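A short write-up of the structure that comes next.
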Amino acid sequence: MDKNELVNKIRGIEGLTNDEKSALIELLRKQKKYGLVWEDKPEDVEERLREELPVLIEDSDKAVISEDIDAPNHILIEGDNLEALTALTYTHEGKIDVIYIDPPYNTGNKDFVYNDQYVDKEDSYRHSKWLSFMSKRLRIAKQLLSDKGVIFISIDDNEQAQLKLLCDEVFGAQNFVSVMPRLTSPQRFAQEKNINISNDYILSYSKTNNISLNKIVLDNDIKKELKQDNIGYYYDGDTKALIAPLSQGYSANCDYDFEYNGKIYKPINKDGVRNRWFWTKQRMQVAADLGILRETKSTIRMQIYQNMKFDVDTNTMIPKEYGVRFCSLDLIENKYSNPNGVNDLYNLGNINFSNPKPVNLVKTLCKLHPTTSSIILDFFAGSGTTLHAAMQLNAEDGGHRKCILVTNNENNICKEVTYERNKRVIQGYTTPKGEKVPGLTGNTLRYYKTDFILRDRTPRNMRALVAASTDLLCIKNDIYKEAKLAGRNINSKIARYFEEGDSRMLIIYDERAISAIAEILEMVESGKEKIKVYVFSPSSYAYDDEFEEVADKVQLCALPDAIYQAYQKVLPKRRPKFLPEAMEEAEQSNDSETGLFMREA
């Protein structure tokens with residue numbers, strides 16, 4: 001039957017309220033011909049978001065600040081990840097390059113909590129609850145991904161099939177990258193009834209098809225990750241000797257002293273006996289010019305390449321017939337297994353957490369993204385492996401990756417595990433064996449908690465939201481250092497000014513001070529970037545006329561309207577209120593508010 005015809009019939013049914021009719025029509029339109037269908041199960045946190053808006057408030061006492069002015073700012077958020085993801089839609093929509101998450105596998109063995117209750121194997125809605133839970137979070141995650149963003153999700157057989165169909169729906173089947181098996185344990189002894197399972201999976205999707213992931217290059221024979229030198233050839237460190245024994249009959253024209261990098265090398269073997277070079281001096285010079293010679297303490301050798309070889313007939317490098325094995329990823333290696341994750345955490349000393357993922361696993365996934373300045377998000381942060389991996393990877397390749405972690409504080413996990421682990425990684429630590437490990441000090445870690453403002457757009461709530469938005473704006477613009485505005489102090493209840501390098505931000509909480517602040521802005525020097533000015537406004541109007549004289553210096557944004565607009569895309573719909581309840585709230589919102597004033601500079 002035609003759906004539109006059914007919709008019209010539902011609308012004409014007597015005895016149903018408008019809300020009931022709307023619910024029936026919504027159910028009708030949700031029916032699918034193909035894909036996952038599950039019983040939607042509301043979450044307590046979702047119900048809270050119908051009435052309150054999340055914000056992020058910094059716990060500055062926990063900040064670990066680097067002395068390096070170029071240190072990336074990493075963020076740890078303590079709170080429910082649905083609340084935190086909602087807040088991040090304002091600060092990071094379309095900005096996240098890599099998401100890695102390790103969600104609960106829903107094994108039924110007390111690993112998945114739904115509305116403060118563990119979901120066990122006998123729960124008839126076990127899969128529906130998990131799908132409802134994941135769907136809400138993945139849909140927001142998609143909005144956070146950049147056009148060249150990619151998401152990696154760890155999962156096992158309990159939900160792998162369902163997750164694949166869910167991600168096809170959320171991200172689009174055309175953006176599916178791969179399902180990669182990962183070795184979980186190199187030794188598992190009959191833990192399953194029939195077939196011994198020693199792997200789980202990494203499910204991967206891109207935001208669009210506008211991305212080419214880096215390749216992991218492996219030696220064909222030993223599956224060792226290769227390196228690429230400055231001439232574009234792949235190698236693994238092996239070199240070839242260039243000295244030939246006299247017994248092999250090399251001619252006299254291979255007996256010469258060769259100058260390389262300002263040093264003289266002779267064809268003398270380890271016993272001090274003079275022999276011959278494999279090549280003539282002309283060919284040796286060609287090899288030097290090609291950049292394929294490597295120096296040792298006493299002689300020179302030729303670098304062995306996996307994809308190229310030196311052709312002595314043409315004196316050039318030519319491709320090898322068998323080439324090199326290029327693959328997106330091969331995770332069936334011991335370094336990616338769970339025992340290594342346990343060992344990573346153990347080395348940090350006295351931090352208890354079950355089944356942490358290995359640093360090598362997350363490092364390798366992050367390396368697949370072509371940008372070394374990527375923004376990485378993990379909203380099932382657990383022990384904090386993702387940040388540990390990002391900082392270590394930056395130290396290895398000189399990157400400037402920034403990482404955002406989100407986890408609740410159940411059993412003090414955020415404070416005592418996630419935070420403590422990465423604090424030690426930054427500041428340095430001593431292993432249980434007494435080995436001192438220097439810190440990755442070129443990193444800054446900031447700690448935030450979720451907080452809430454009532455969702456009703458009353459004048460009081462709107463001002464409260466703008467007042468609480470300061471930390472959101474610092475995160476959004478990656479500016480944290482407060483400064484004077486044109487050399488003047490401003491009452492912090494009126495406005496606050498932040499400046500780092502060429503980036504500048506001004507937050508105006510009281511619109512009555514706009515004219516005075518605009519005059520101060522006339523004295524501010526123009527910079528490479530305009531000052532981002534966030535001003536309280538009951539509408540979307542950002543007082544453009546008041547800033548006309550400094551329009552070339554500022555970029556205006558009205559708050560809280562910009563936050564409402566961002567949140568509206570992801571917040572659950574509000575439930576209708578009865579008239580007496582709405583009138584009572586309106587009366588409460590008309591209470592007088594404290595006036596603000598500006599101090600003398």
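Identifiers in this document derive from the order of the structure tokens: chains are assigned A, B, ..., residues are numbered from 1 separately in each chain, and ligands are numbered from 1 in order of occurrence.
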
Near region 365-375 of chain A, within 10 Å and counting only C-alpha atoms, which residues show up once chain neighbours fewer than 2 positions away are dropped, as an MDAnalysis selection string? chainID A and resid 72 74 92 95:100 145:146 148:152 202 204 211:216 328:329 331 360:363 377 386 389:390 393:394 397:404

Output as a PyMOL selection string all residues of region 275-517 of chain A that backbone DSSP marks as helix (DSSP H, G or I). chain A and resi 281-290+334-336+338-346+359-367+385-397+410-427+459-467+470-477+511-517

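Rounded to one decimal, CA of Ile197 (chain A) and CA of Val179 (chain A) lie 16.3 Å from each other.
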
Would you pick out the contacts of Ile231 (chain A) at 10 Å or less, using only C-alpha atoms, so that residues sharing its chain but fewer than 4 positions from it are not included, and give the list as a list in words?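 Selected residues are Leu290, Gly291 and Ile292 of chain A.
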
Writer output for current selection, all heavy atoms, as a short mmCIF file (atom, residue, chain, number, x, y, z; two decimals), in the first residue's frame:
data_model
loop_
_atom_site.label_atom_id
_atom_site.label_comp_id
_atom_site.auth_asym_id
_atom_site.auth_seq_id
_atom_site.Cartn_x
_atom_site.Cartn_y
_atom_site.Cartn_z
N LEU A 290 73.76 8.15 -6.80
CA LEU A 290 72.37 7.70 -6.61
C LEU A 290 71.95 7.74 -5.14
O LEU A 290 70.76 7.69 -4.82
CB LEU A 290 72.20 6.27 -7.14
CG LEU A 290 72.16 6.11 -8.67
CD1 LEU A 290 72.21 4.63 -9.04
CD2 LEU A 290 70.91 6.76 -9.25
N GLY A 291 72.91 7.85 -4.25
CA GLY A 291 72.61 7.92 -2.82
C GLY A 291 72.32 6.60 -2.18
O GLY A 291 71.60 6.51 -1.18
N ILE A 292 72.89 5.51 -2.72
CA ILE A 292 72.57 4.19 -2.19
C ILE A 292 73.74 3.58 -1.41
O ILE A 292 73.69 2.41 -1.03
CB ILE A 292 72.15 3.23 -3.32
CG1 ILE A 292 73.29 3.03 -4.33
CG2 ILE A 292 70.90 3.75 -4.01
CD1 ILE A 292 72.96 1.98 -5.39
#

Expressed in Å to a single decimal, how great is the separation between CA of Gly272 (chain A) and CA of Phe258 (chain A)? 16.7 Å

Separation of CA of Gln160 (chain A) from CA of Lys129 (chain A) in Å: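 Separation between CA of Lys129 (chain A) and CA of Gln160 (chain A): 15.0 Å.
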
Taking only C-alpha atoms into account, name the residue in A:Asn73, A:Pro186, A:Ile65, A:Tyr118 that is nearest to Ile479 (chain A). A:Asn73

With distances taken over only C-alpha atoms, which residue among A:Ile332, A:Asp111, A:Tyr233, A:Ala551 lies nearest Ser198 (chain A)? A:Ile332

Where in region 177-355 of chain A does DSSP assign strand (DSSP E or B), given as a PyMOL selection string? chain A and resi 177-183+199-206+216-218+225+227-228+234-241+243-244+258-260+263-265+268+274+276-277+293-295+300-305+308-311+316-319+325-327+331

Nearest residue to Gln143 (chain A) from the set A:Ala566, A:Pro572, A:Leu521, A:Lys164 (distances using only C-alpha atoms):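 Closest residue, counting only C-alpha atoms: A:Ala566.
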
Between A:Glu93, A:Asp344, A:Glu500, A:Asp544, which has the minimum distance to Leu556 (chain A) (counting only C-alpha atoms)?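 Of A:Glu93, A:Asp344, A:Glu500, A:Asp544, the one nearest Leu556 (chain A), counting only C-alpha atoms, is A:Asp544.
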
Rank nothing, just name the residue among A:Pro459, A:Asn408, A:Glu39, A:Phe278 nearest to Asn253 (chain A), using only C-alpha atoms.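 Among the listed residues, the smallest separation from Asn253 (chain A) belongs to A:Phe278.
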
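Distances to Asp157 (chain A) were evaluated for A:Lys110, A:Tyr105, A:Lys136, A:Glu83 using only C-alpha atoms, and the minimum falls at A:Tyr105.
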